[in-house]
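Participant: File name input_1.pdb; file contents PDB, C-alpha atoms and all ligand atoms; full text below.
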```pdb
ATOM      1  CA  MET L   1     -37.886  78.345 -65.216  1.00  0.00           C
ATOM      2  CA  ARG L   2     -38.691  80.997 -62.600  1.00  0.00           C
ATOM      3  CA  LEU L   3     -36.652  81.353 -59.427  1.00  0.00           C
ATOM      4  CA  ALA L   4     -38.211  82.230 -56.075  1.00  0.00           C
ATOM      5  CA  VAL L   5     -35.562  83.026 -53.473  1.00  0.00           C
ATOM      6  CA  ASN L   6     -36.213  81.996 -49.874  1.00  0.00           C
ATOM      7  CA  ILE L   7     -34.682  84.573 -47.502  1.00  0.00           C
ATOM      8  CA  ASP L   8     -35.364  82.782 -44.177  1.00  0.00           C
ATOM      9  CA  HIS L   9     -31.711  82.282 -43.398  1.00  0.00           C
ATOM     10  CA  VAL L  10     -30.897  85.971 -43.618  1.00  0.00           C
ATOM     11  CA  ALA L  11     -33.333  86.285 -40.718  1.00  0.00           C
ATOM     12  CA  THR L  12     -31.788  83.210 -39.029  1.00  0.00           C
ATOM     13  CA  LEU L  13     -28.480  85.069 -38.880  1.00  0.00           C
ATOM     14  CA  ARG L  14     -30.141  88.207 -37.512  1.00  0.00           C
ATOM     15  CA  GLN L  15     -32.012  86.244 -34.847  1.00  0.00           C
ATOM     16  CA  ALA L  16     -28.796  84.495 -33.764  1.00  0.00           C
ATOM     17  CA  ARG L  17     -27.879  87.797 -32.086  1.00  0.00           C
ATOM     18  CA  LYS L  18     -31.421  89.165 -31.793  1.00  0.00           C
ATOM     19  CA  ALA L  19     -29.937  92.093 -33.703  1.00  0.00           C
ATOM     20  CA  SER L  20     -31.257  94.347 -36.458  1.00  0.00           C
ATOM     21  CA  GLU L  21     -28.888  93.026 -39.145  1.00  0.00           C
ATOM     22  CA  PRO L  22     -28.693  91.427 -41.609  1.00  0.00           C
ATOM     23  CA  GLU L  23     -31.987  92.847 -42.894  1.00  0.00           C
ATOM     24  CA  PRO L  24     -34.102  90.264 -44.771  1.00  0.00           C
ATOM     25  CA  VAL L  25     -36.041  93.035 -46.494  1.00  0.00           C
ATOM     26  CA  LEU L  26     -32.835  94.370 -48.062  1.00  0.00           C
ATOM     27  CA  ALA L  27     -31.958  90.806 -49.061  1.00  0.00           C
ATOM     28  CA  ALA L  28     -35.315  90.501 -50.817  1.00  0.00           C
ATOM     29  CA  LEU L  29     -34.732  93.708 -52.767  1.00  0.00           C
ATOM     30  CA  LEU L  30     -31.220  92.671 -53.781  1.00  0.00           C
ATOM     31  CA  ALA L  31     -32.495  89.247 -54.858  1.00  0.00           C
ATOM     32  CA  GLU L  32     -35.175  90.863 -57.005  1.00  0.00           C
ATOM     33  CA  GLN L  33     -32.653  93.212 -58.590  1.00  0.00           C
ATOM     34  CA  ALA L  34     -30.421  90.248 -59.374  1.00  0.00           C
ATOM     35  CA  GLY L  35     -33.225  88.518 -61.270  1.00  0.00           C
ATOM     36  CA  ALA L  36     -35.339  86.581 -58.748  1.00  0.00           C
ATOM     37  CA  ASN L  37     -38.943  86.207 -59.882  1.00  0.00           C
ATOM     38  CA  GLY L  38     -40.317  85.976 -56.368  1.00  0.00           C
ATOM     39  CA  ILE L  39     -39.487  86.055 -52.669  1.00  0.00           C
ATOM     40  CA  VAL L  40     -40.363  83.271 -50.254  1.00  0.00           C
ATOM     41  CA  CYS L  41     -40.248  83.197 -46.482  1.00  0.00           C
ATOM     42  CA  HIS L  42     -41.574  80.882 -43.797  1.00  0.00           C
ATOM     43  CA  ILE L  43     -43.242  82.315 -40.716  1.00  0.00           C
ATOM     44  CA  ARG L  44     -42.934  79.595 -38.097  1.00  0.00           C
ATOM     45  CA  GLY L  45     -44.933  79.206 -34.912  1.00  0.00           C
ATOM     46  CA  ASP L  46     -41.711  79.574 -32.909  1.00  0.00           C
ATOM     47  CA  ARG L  47     -40.619  82.696 -34.928  1.00  0.00           C
ATOM     48  CA  ARG L  48     -37.079  81.351 -35.148  1.00  0.00           C
ATOM     49  CA  HIS L  49     -36.304  83.445 -38.210  1.00  0.00           C
ATOM     50  CA  ILE L  50     -38.963  85.484 -40.016  1.00  0.00           C
ATOM     51  CA  GLN L  51     -41.034  87.839 -37.819  1.00  0.00           C
ATOM     52  CA  GLU L  52     -44.406  89.455 -38.549  1.00  0.00           C
ATOM     53  CA  ARG L  53     -42.622  92.784 -38.927  1.00  0.00           C
ATOM     54  CA  ASP L  54     -40.633  91.272 -41.831  1.00  0.00           C
ATOM     55  CA  LEU L  55     -43.830  90.203 -43.572  1.00  0.00           C
ATOM     56  CA  GLN L  56     -45.354  93.655 -43.201  1.00  0.00           C
ATOM     57  CA  LEU L  57     -42.296  95.333 -44.724  1.00  0.00           C
ATOM     58  CA  LEU L  58     -41.831  92.723 -47.452  1.00  0.00           C
ATOM     59  CA  ARG L  59     -45.455  93.148 -48.470  1.00  0.00           C
ATOM     60  CA  GLN L  60     -44.867  96.863 -48.911  1.00  0.00           C
ATOM     61  CA  VAL L  61     -41.589  96.803 -50.809  1.00  0.00           C
ATOM     62  CA  ILE L  62     -41.208  93.765 -53.001  1.00  0.00           C
ATOM     63  CA  LYS L  63     -42.202  94.179 -56.617  1.00  0.00           C
ATOM     64  CA  THR L  64     -42.321  90.568 -57.777  1.00  0.00           C
ATOM     65  CA  LYS L  65     -44.347  88.066 -55.779  1.00  0.00           C
ATOM     66  CA  LEU L  66     -44.464  87.333 -52.057  1.00  0.00           C
ATOM     67  CA  ASN L  67     -44.959  83.700 -51.118  1.00  0.00           C
ATOM     68  CA  VAL L  68     -45.346  83.020 -47.400  1.00  0.00           C
ATOM     69  CA  GLU L  69     -44.895  79.463 -46.156  1.00  0.00           C
ATOM     70  CA  MET L  70     -46.969  78.602 -43.109  1.00  0.00           C
ATOM     71  CA  ALA L  71     -48.716  75.830 -41.210  1.00  0.00           C
ATOM     72  CA  ALA L  72     -52.490  75.524 -41.645  1.00  0.00           C
ATOM     73  CA  THR L  73     -53.353  76.923 -38.199  1.00  0.00           C
ATOM     74  CA  PRO L  74     -55.798  79.628 -37.039  1.00  0.00           C
ATOM     75  CA  GLU L  75     -52.848  81.845 -35.976  1.00  0.00           C
ATOM     76  CA  MET L  76     -51.360  81.690 -39.470  1.00  0.00           C
ATOM     77  CA  LEU L  77     -54.719  82.248 -41.151  1.00  0.00           C
ATOM     78  CA  ALA L  78     -55.026  85.524 -39.231  1.00  0.00           C
ATOM     79  CA  ILE L  79     -51.523  86.568 -40.324  1.00  0.00           C
ATOM     80  CA  ALA L  80     -52.242  85.730 -43.973  1.00  0.00           C
ATOM     81  CA  ARG L  81     -55.469  87.744 -43.866  1.00  0.00           C
ATOM     82  CA  LYS L  82     -53.591  90.735 -42.453  1.00  0.00           C
ATOM     83  CA  ILE L  83     -50.545  90.598 -44.739  1.00  0.00           C
ATOM     84  CA  LYS L  84     -52.269  89.400 -47.922  1.00  0.00           C
ATOM     85  CA  PRO L  85     -49.263  87.823 -49.644  1.00  0.00           C
ATOM     86  CA  ASP L  86     -49.654  86.915 -53.311  1.00  0.00           C
ATOM     87  CA  MET L  87     -49.381  83.287 -52.374  1.00  0.00           C
ATOM     88  CA  VAL L  88     -49.384  81.060 -49.317  1.00  0.00           C
ATOM     89  CA  SER L  89     -47.616  77.712 -49.264  1.00  0.00           C
ATOM     90  CA  LEU L  90     -48.981  75.309 -46.698  1.00  0.00           C
ATOM     91  CA  VAL L  91     -46.257  73.215 -45.100  1.00  0.00           C
ATOM     92  CA  PRO L  92     -46.108  70.749 -42.222  1.00  0.00           C
ATOM     93  CA  GLU L  93     -44.352  72.110 -39.172  1.00  0.00           C
ATOM     94  CA  SER L  94     -42.966  70.457 -36.089  1.00  0.00           C
ATOM     95  CA  PRO L  95     -41.203  72.406 -33.323  1.00  0.00           C
ATOM     96  CA  ASN L  96     -37.963  70.392 -33.179  1.00  0.00           C
ATOM     97  CA  GLU L  97     -37.211  70.081 -36.886  1.00  0.00           C
ATOM     98  CA  VAL L  98     -34.190  71.898 -38.300  1.00  0.00           C
ATOM     99  CA  THR L  99     -36.009  72.430 -41.600  1.00  0.00           C
ATOM    100  CA  THR L 100     -39.307  71.265 -43.153  1.00  0.00           C
ATOM    101  CA  GLN L 101     -39.387  67.471 -43.069  1.00  0.00           C
ATOM    102  CA  GLY L 102     -41.322  66.120 -46.038  1.00  0.00           C
ATOM    103  CA  GLY L 103     -44.506  67.280 -47.685  1.00  0.00           C
ATOM    104  CA  LEU L 104     -47.833  67.909 -46.009  1.00  0.00           C
ATOM    105  CA  ASP L 105     -49.912  64.772 -45.454  1.00  0.00           C
ATOM    106  CA  VAL L 106     -52.952  66.155 -47.258  1.00  0.00           C
ATOM    107  CA  LEU L 107     -54.808  62.830 -47.236  1.00  0.00           C
ATOM    108  CA  SER L 108     -54.932  62.627 -43.462  1.00  0.00           C
ATOM    109  CA  GLN L 109     -56.007  66.282 -43.086  1.00  0.00           C
ATOM    110  CA  LYS L 110     -58.456  66.533 -45.951  1.00  0.00           C
ATOM    111  CA  LYS L 111     -61.389  67.647 -43.832  1.00  0.00           C
ATOM    112  CA  HIS L 112     -59.380  70.365 -42.066  1.00  0.00           C
ATOM    113  CA  LEU L 113     -57.860  71.622 -45.330  1.00  0.00           C
ATOM    114  CA  MET L 114     -61.220  71.669 -47.127  1.00  0.00           C
ATOM    115  CA  ASP L 115     -62.362  74.065 -44.437  1.00  0.00           C
ATOM    116  CA  PHE L 116     -59.077  76.043 -44.274  1.00  0.00           C
ATOM    117  CA  LEU L 117     -58.328  76.697 -47.954  1.00  0.00           C
ATOM    118  CA  PRO L 118     -61.537  78.580 -48.868  1.00  0.00           C
ATOM    119  CA  LYS L 119     -60.887  80.967 -45.969  1.00  0.00           C
ATOM    120  CA  LEU L 120     -57.477  81.795 -47.434  1.00  0.00           C
ATOM    121  CA  LYS L 121     -58.652  81.919 -51.024  1.00  0.00           C
ATOM    122  CA  LYS L 122     -61.523  84.244 -50.170  1.00  0.00           C
ATOM    123  CA  THR L 123     -58.958  87.002 -49.623  1.00  0.00           C
ATOM    124  CA  GLY L 124     -57.561  86.519 -53.144  1.00  0.00           C
ATOM    125  CA  ILE L 125     -54.438  84.629 -52.026  1.00  0.00           C
ATOM    126  CA  ARG L 126     -53.306  81.772 -54.270  1.00  0.00           C
ATOM    127  CA  VAL L 127     -52.713  78.610 -52.287  1.00  0.00           C
ATOM    128  CA  SER L 128     -49.915  76.126 -52.825  1.00  0.00           C
ATOM    129  CA  ILE L 129     -49.364  72.910 -50.896  1.00  0.00           C
ATOM    130  CA  PHE L 130     -45.888  71.497 -50.334  1.00  0.00           C
ATOM    131  CA  VAL L 131     -46.296  67.839 -51.088  1.00  0.00           C
ATOM    132  CA  ASP L 132     -44.260  64.675 -51.642  1.00  0.00           C
ATOM    133  CA  ALA L 133     -44.065  63.242 -55.163  1.00  0.00           C
ATOM    134  CA  GLU L 134     -47.037  60.910 -54.661  1.00  0.00           C
ATOM    135  CA  GLU L 135     -50.098  60.808 -56.895  1.00  0.00           C
ATOM    136  CA  LYS L 136     -52.517  60.184 -54.020  1.00  0.00           C
ATOM    137  CA  GLN L 137     -51.303  63.264 -52.165  1.00  0.00           C
ATOM    138  CA  ILE L 138     -51.377  65.406 -55.322  1.00  0.00           C
ATOM    139  CA  ALA L 139     -54.935  64.299 -56.135  1.00  0.00           C
ATOM    140  CA  ALA L 140     -55.913  65.253 -52.575  1.00  0.00           C
ATOM    141  CA  CYS L 141     -54.363  68.725 -53.078  1.00  0.00           C
ATOM    142  CA  ARG L 142     -56.696  69.264 -56.011  1.00  0.00           C
ATOM    143  CA  GLU L 143     -59.687  68.007 -54.022  1.00  0.00           C
ATOM    144  CA  VAL L 144     -59.065  70.442 -51.176  1.00  0.00           C
ATOM    145  CA  GLY L 145     -58.863  73.331 -53.663  1.00  0.00           C
ATOM    146  CA  ALA L 146     -55.144  74.082 -54.018  1.00  0.00           C
ATOM    147  CA  ASP L 147     -54.205  76.270 -56.998  1.00  0.00           C
ATOM    148  CA  LEU L 148     -50.778  74.731 -57.244  1.00  0.00           C
ATOM    149  CA  VAL L 149     -48.456  72.211 -55.687  1.00  0.00           C
ATOM    150  CA  GLU L 150     -44.809  72.477 -54.750  1.00  0.00           C
ATOM    151  CA  ILE L 151     -43.232  69.064 -55.143  1.00  0.00           C
ATOM    152  CA  ASN L 152     -40.733  68.190 -52.432  1.00  0.00           C
ATOM    153  CA  THR L 153     -37.283  67.649 -53.925  1.00  0.00           C
ATOM    154  CA  GLY L 154     -35.707  66.954 -50.522  1.00  0.00           C
ATOM    155  CA  LYS L 155     -35.272  63.183 -50.942  1.00  0.00           C
ATOM    156  CA  TYR L 156     -33.773  63.685 -54.417  1.00  0.00           C
ATOM    157  CA  ALA L 157     -31.379  66.282 -53.019  1.00  0.00           C
ATOM    158  CA  GLU L 158     -30.337  64.147 -50.056  1.00  0.00           C
ATOM    159  CA  ALA L 159     -29.778  60.898 -51.958  1.00  0.00           C
ATOM    160  CA  SER L 160     -26.079  60.157 -52.169  1.00  0.00           C
ATOM    161  CA  LEU L 161     -26.189  57.065 -54.396  1.00  0.00           C
ATOM    162  CA  GLU L 162     -26.691  57.830 -58.085  1.00  0.00           C
ATOM    163  CA  LYS L 163     -29.282  55.047 -58.438  1.00  0.00           C
ATOM    164  CA  GLU L 164     -31.351  56.371 -55.570  1.00  0.00           C
ATOM    165  CA  LYS L 165     -31.124  59.949 -56.880  1.00  0.00           C
ATOM    166  CA  GLU L 166     -32.364  58.780 -60.274  1.00  0.00           C
ATOM    167  CA  LYS L 167     -35.291  56.946 -58.646  1.00  0.00           C
ATOM    168  CA  HIS L 168     -36.378  60.122 -56.836  1.00  0.00           C
ATOM    169  CA  LEU L 169     -35.904  62.188 -59.996  1.00  0.00           C
ATOM    170  CA  GLN L 170     -38.227  59.853 -61.918  1.00  0.00           C
ATOM    171  CA  LYS L 171     -40.821  60.099 -59.131  1.00  0.00           C
ATOM    172  CA  ILE L 172     -40.666  63.918 -59.298  1.00  0.00           C
ATOM    173  CA  LYS L 173     -41.029  63.814 -63.100  1.00  0.00           C
ATOM    174  CA  SER L 174     -44.106  61.618 -63.067  1.00  0.00           C
ATOM    175  CA  ALA L 175     -45.655  63.512 -60.137  1.00  0.00           C
ATOM    176  CA  ALA L 176     -45.159  66.798 -62.035  1.00  0.00           C
ATOM    177  CA  ALA L 177     -46.845  65.375 -65.157  1.00  0.00           C
ATOM    178  CA  TYR L 178     -49.693  63.985 -63.046  1.00  0.00           C
ATOM    179  CA  ALA L 179     -50.249  67.344 -61.320  1.00  0.00           C
ATOM    180  CA  ARG L 180     -50.231  69.266 -64.621  1.00  0.00           C
ATOM    181  CA  ASN L 181     -52.792  66.843 -66.026  1.00  0.00           C
ATOM    182  CA  LEU L 182     -55.036  67.669 -63.092  1.00  0.00           C
ATOM    183  CA  GLY L 183     -54.720  71.347 -64.037  1.00  0.00           C
ATOM    184  CA  LEU L 184     -52.460  72.309 -61.156  1.00  0.00           C
ATOM    185  CA  GLU L 185     -49.519  74.673 -61.581  1.00  0.00           C
ATOM    186  CA  VAL L 186     -46.351  72.873 -60.497  1.00  0.00           C
ATOM    187  CA  HIS L 187     -43.470  74.265 -58.491  1.00  0.00           C
ATOM    188  CA  ALA L 188     -40.676  72.367 -56.735  1.00  0.00           C
ATOM    189  CA  GLY L 189     -38.134  72.898 -54.016  1.00  0.00           C
ATOM    190  CA  HIS L 190     -36.188  71.869 -50.944  1.00  0.00           C
ATOM    191  CA  GLY L 191     -32.515  71.031 -50.816  1.00  0.00           C
ATOM    192  CA  LEU L 192     -31.808  72.275 -54.341  1.00  0.00           C
ATOM    193  CA  ASP L 193     -28.355  73.716 -54.931  1.00  0.00           C
ATOM    194  CA  TYR L 194     -25.942  74.744 -57.692  1.00  0.00           C
ATOM    195  CA  HIS L 195     -24.899  71.112 -58.269  1.00  0.00           C
ATOM    196  CA  ASN L 196     -28.189  69.208 -58.235  1.00  0.00           C
ATOM    197  CA  VAL L 197     -30.640  71.676 -59.803  1.00  0.00           C
ATOM    198  CA  GLN L 198     -30.085  70.947 -63.519  1.00  0.00           C
ATOM    199  CA  PRO L 199     -32.141  67.723 -63.880  1.00  0.00           C
ATOM    200  CA  ILE L 200     -35.049  69.451 -62.096  1.00  0.00           C
ATOM    201  CA  VAL L 201     -34.773  72.486 -64.412  1.00  0.00           C
ATOM    202  CA  GLU L 202     -35.281  70.122 -67.374  1.00  0.00           C
ATOM    203  CA  ILE L 203     -38.709  68.952 -66.154  1.00  0.00           C
ATOM    204  CA  LYS L 204     -40.997  70.982 -68.414  1.00  0.00           C
ATOM    205  CA  GLU L 205     -44.094  70.712 -66.221  1.00  0.00           C
ATOM    206  CA  ILE L 206     -42.338  72.587 -63.396  1.00  0.00           C
ATOM    207  CA  SER L 207     -42.567  76.353 -63.778  1.00  0.00           C
ATOM    208  CA  GLU L 208     -40.849  77.626 -60.623  1.00  0.00           C
ATOM    209  CA  LEU L 209     -38.234  76.559 -58.092  1.00  0.00           C
ATOM    210  CA  SER L 210     -38.061  77.742 -54.497  1.00  0.00           C
ATOM    211  CA  ILE L 211     -34.462  77.834 -53.303  1.00  0.00           C
ATOM    212  CA  GLY L 212     -33.108  79.214 -50.053  1.00  0.00           C
ATOM    213  CA  PHE L 213     -30.257  77.666 -48.130  1.00  0.00           C
ATOM    214  CA  ALA L 214     -27.851  77.130 -51.026  1.00  0.00           C
ATOM    215  CA  ILE L 215     -28.232  80.710 -52.261  1.00  0.00           C
ATOM    216  CA  ILE L 216     -27.841  82.319 -48.843  1.00  0.00           C
ATOM    217  CA  ALA L 217     -24.861  80.053 -48.025  1.00  0.00           C
ATOM    218  CA  ARG L 218     -23.156  81.078 -51.275  1.00  0.00           C
ATOM    219  CA  ALA L 219     -24.076  84.710 -50.679  1.00  0.00           C
ATOM    220  CA  VAL L 220     -21.960  84.672 -47.515  1.00  0.00           C
ATOM    221  CA  MET L 221     -18.942  84.022 -49.755  1.00  0.00           C
ATOM    222  CA  VAL L 222     -19.669  85.910 -52.989  1.00  0.00           C
ATOM    223  CA  GLY L 223     -22.461  88.333 -52.097  1.00  0.00           C
ATOM    224  CA  LEU L 224     -26.194  87.919 -52.621  1.00  0.00           C
ATOM    225  CA  PRO L 225     -26.518  89.530 -56.091  1.00  0.00           C
ATOM    226  CA  GLN L 226     -23.790  87.240 -57.445  1.00  0.00           C
ATOM    227  CA  ALA L 227     -25.275  84.136 -55.756  1.00  0.00           C
ATOM    228  CA  VAL L 228     -28.748  84.869 -57.159  1.00  0.00           C
ATOM    229  CA  LYS L 229     -27.410  85.647 -60.652  1.00  0.00           C
ATOM    230  CA  GLU L 230     -25.529  82.344 -60.760  1.00  0.00           C
ATOM    231  CA  MET L 231     -28.701  80.434 -59.899  1.00  0.00           C
ATOM    232  CA  VAL L 232     -30.779  82.430 -62.415  1.00  0.00           C
ATOM    233  CA  THR L 233     -28.237  81.458 -65.104  1.00  0.00           C
ATOM    234  CA  LEU L 234     -28.612  77.763 -64.201  1.00  0.00           C
ATOM    235  CA  LEU L 235     -32.397  78.023 -64.379  1.00  0.00           C
ATOM    236  CA  GLU L 236     -32.197  79.563 -67.853  1.00  0.00           C
ATOM    237  CA  LYS L 237     -30.647  76.331 -69.190  1.00  0.00           C
ATOM    238  CA  GLU L 238     -33.964  74.540 -69.713  1.00  0.00           C
TER     239      GLU L 238
HETATM  240  N1  LIG L 301     -39.836  74.813 -50.164  1.00  0.00           N
HETATM  241  C1  LIG L 301     -40.327  74.652 -48.921  1.00  0.00           C
HETATM  242  C2  LIG L 301     -41.761  74.295 -48.754  1.00  0.00           C
HETATM  243  C3  LIG L 301     -39.512  74.856 -47.783  1.00  0.00           C
HETATM  244  O1  LIG L 301     -40.024  74.711 -46.559  1.00  0.00           O
HETATM  245  C4  LIG L 301     -38.173  75.247 -47.984  1.00  0.00           C
HETATM  246  C5  LIG L 301     -37.292  75.500 -46.794  1.00  0.00           C
HETATM  247  O2  LIG L 301     -37.749  76.551 -46.058  1.00  0.00           O
HETATM  248  C6  LIG L 301     -37.719  75.407 -49.304  1.00  0.00           C
HETATM  249  C7  LIG L 301     -38.559  75.158 -50.373  1.00  0.00           C
HETATM  250  C8  LIG L 301     -36.315  75.839 -49.608  1.00  0.00           C
HETATM  251  O3  LIG L 301     -35.459  74.824 -49.216  1.00  0.00           O
HETATM  252  P1  LIG L 301     -33.904  75.114 -49.177  1.00  0.00           P
HETATM  253  O4  LIG L 301     -33.689  76.145 -48.130  1.00  0.00           O
HETATM  254  O5  LIG L 301     -33.317  73.769 -48.830  1.00  0.00           O
HETATM  255  O6  LIG L 301     -33.526  75.595 -50.547  1.00  0.00           O
END
```
Take the structure in the file and write it out as structure tokens.
Facilitator:
Amino acid sequence: MRLAVNIDHVATLRQARKASEPEPVLAALLAEQAGANGIVCHIRGDRRHIQERDLQLLRQVIKTKLNVEMAATPEMLAIARKIKPDMVSLVPESPNEVTTQGGLDVLSQKKHLMDFLPKLKKTGIRVSIFVDAEEKQIAACREVGADLVEINTGKYAEASLEKEKEKHLQKIKSAAAYARNLGLEVHAGHGLDYHNVQPIVEIKEISELSIGFAIIARAVMVGLPQAVKEMVTLLEKE
């Protein structure tokens, strides 16, 4: 199972003081050296963490794969065309949320996305859609031309009762199998940490996990290389 490390919260810390440190680009390089298979960051409309300058530098220096999360807006399309990341992940975005709330409602935006995705793909960028574990939404991702889906593990991660956690895990498993059958590559992420990741690692249809907060939070205590290595080790236990 591949690990893509989301470095947004290195930039969150920097922006808290509008300072020049900590440097997310250095974090990306350290994460790669520690075994990450890709780097993810989310450029938000409000620029609360990652800035365009970060994307420009990341594009130049990272050696694995750059995945930029963004909303499907004209502003973001222009940024993607300029930066040319390896991959774009389309996510819903609302100004007051603390973090991404749920997957993109692809069904209700089919027409817009059918117009938006070809414009992105024309530049050679692979397009992923962050989506809830629902067959109807996954089928719509395929219809609008997504290359892959990232299944939202947020509800699984948040569930405190064992029974509820198991229910969400089963939904993720069947959604992953459904997406693979449609020919989509399957990734997953949101809310995954050192304690809850194992059952997701065992889902064979999922080839990559996108993990941010838990790794950066642990990095504050043990250092980023150590935090990334520990997660890589967990992902090797398929
Ligand atoms: N995947 C998507 C689409 C996200 O928006 C985020 C959060 O930025 C993540 C994965 C990573 O979530 P977390 O920071 O909880 O690991």
Participant: Take the PyMOL selection byres (((not hetatm)) within 10 of (chain L and resi 301)), run it mentally on this structure, and tell me the resulting residues as a PyMOL selection string.
Facilitator: chain L and resi 4-9+40-44+68-70+89-93+98-104+128-131+149-154+157+187-193+209-217
Participant: Please provide as a ChimeraX atom specification all residues within 12 Å of stretch 116-119 of chain L, with the sequence filter that same-chain residues fewer than 6 positions apart are discarded (counting all atoms listed in the file).
Facilitator: /L:71-78,80-81,87-90,106,109-110,125-129,141-147
Participant: Selection from above, C-alpha atoms, as an mmCIF file, in the frame of the given file, can you write it?
Facilitator:
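Wrote it out as again12.cif, contents follow:
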```cif
data_model
loop_
_atom_site.group_PDB
_atom_site.id
_atom_site.type_symbol
_atom_site.label_atom_id
_atom_site.label_comp_id
_atom_site.auth_asym_id
_atom_site.auth_seq_id
_atom_site.Cartn_x
_atom_site.Cartn_y
_atom_site.Cartn_z
ATOM 1 C CA ALA L 71 -48.716 75.830 -41.210
ATOM 2 C CA ALA L 72 -52.490 75.524 -41.645
ATOM 3 C CA THR L 73 -53.353 76.923 -38.199
ATOM 4 C CA PRO L 74 -55.798 79.628 -37.039
ATOM 5 C CA GLU L 75 -52.848 81.845 -35.976
ATOM 6 C CA MET L 76 -51.360 81.690 -39.470
ATOM 7 C CA LEU L 77 -54.719 82.248 -41.151
ATOM 8 C CA ALA L 78 -55.026 85.524 -39.231
ATOM 9 C CA ALA L 80 -52.242 85.730 -43.973
ATOM 10 C CA ARG L 81 -55.469 87.744 -43.866
ATOM 11 C CA MET L 87 -49.381 83.287 -52.374
ATOM 12 C CA VAL L 88 -49.384 81.060 -49.317
ATOM 13 C CA SER L 89 -47.616 77.712 -49.264
ATOM 14 C CA LEU L 90 -48.981 75.309 -46.698
ATOM 15 C CA VAL L 106 -52.952 66.155 -47.258
ATOM 16 C CA GLN L 109 -56.007 66.282 -43.086
ATOM 17 C CA LYS L 110 -58.456 66.533 -45.951
ATOM 18 C CA ILE L 125 -54.438 84.629 -52.026
ATOM 19 C CA ARG L 126 -53.306 81.772 -54.270
ATOM 20 C CA VAL L 127 -52.713 78.610 -52.287
ATOM 21 C CA SER L 128 -49.915 76.126 -52.825
ATOM 22 C CA ILE L 129 -49.364 72.910 -50.896
ATOM 23 C CA CYS L 141 -54.363 68.725 -53.078
ATOM 24 C CA ARG L 142 -56.696 69.264 -56.011
ATOM 25 C CA GLU L 143 -59.687 68.007 -54.022
ATOM 26 C CA VAL L 144 -59.065 70.442 -51.176
ATOM 27 C CA GLY L 145 -58.863 73.331 -53.663
ATOM 28 C CA ALA L 146 -55.144 74.082 -54.018
ATOM 29 C CA ASP L 147 -54.205 76.270 -56.998
#
```
Participant: Just the residues within 12 Å of L:Leu235, please, counting all atoms listed in the file, with nothing from its chain fewer than 6 positions along; format it as a list in words.
Facilitator: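 The contact residues come out as Met1, Arg2, Leu3, Ala4, Gly35, Ala36, Asn37, Leu192, Asp193, Tyr194, His195, Asn196, Val197, Gln198, Pro199, Ile200, Val201, Glu202, Ile203, Lys204, Ile206, Ser207, Glu208, Leu209, Ser210, Ile211, Val228 and Lys229 of chain L.
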Participant: When distances are computed from all atoms listed in the file, which of L:Glu97, L:Asp46, L:Glu135, L:Glu162 shows the smallest separation from L:Ser174?
Facilitator: L:Glu135
Participant: Need the shell around stretch 18-26 of chain L: protein/DNA/RNA residues with any atom at most 12 Å away, counting all atoms listed in the file. Skip same-chain ones fewer than 5 positions apart. Format as a PyMOL selection string?
Facilitator: chain L and resi 5-13+31-33+39-41+47-51+53-63+66+216+220+224-225
Participant: Separation of atom CA of L:Ala177 and atom CA of L:Ala133, in Å?
Facilitator: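 These atoms are spaced 10.6 Å apart.
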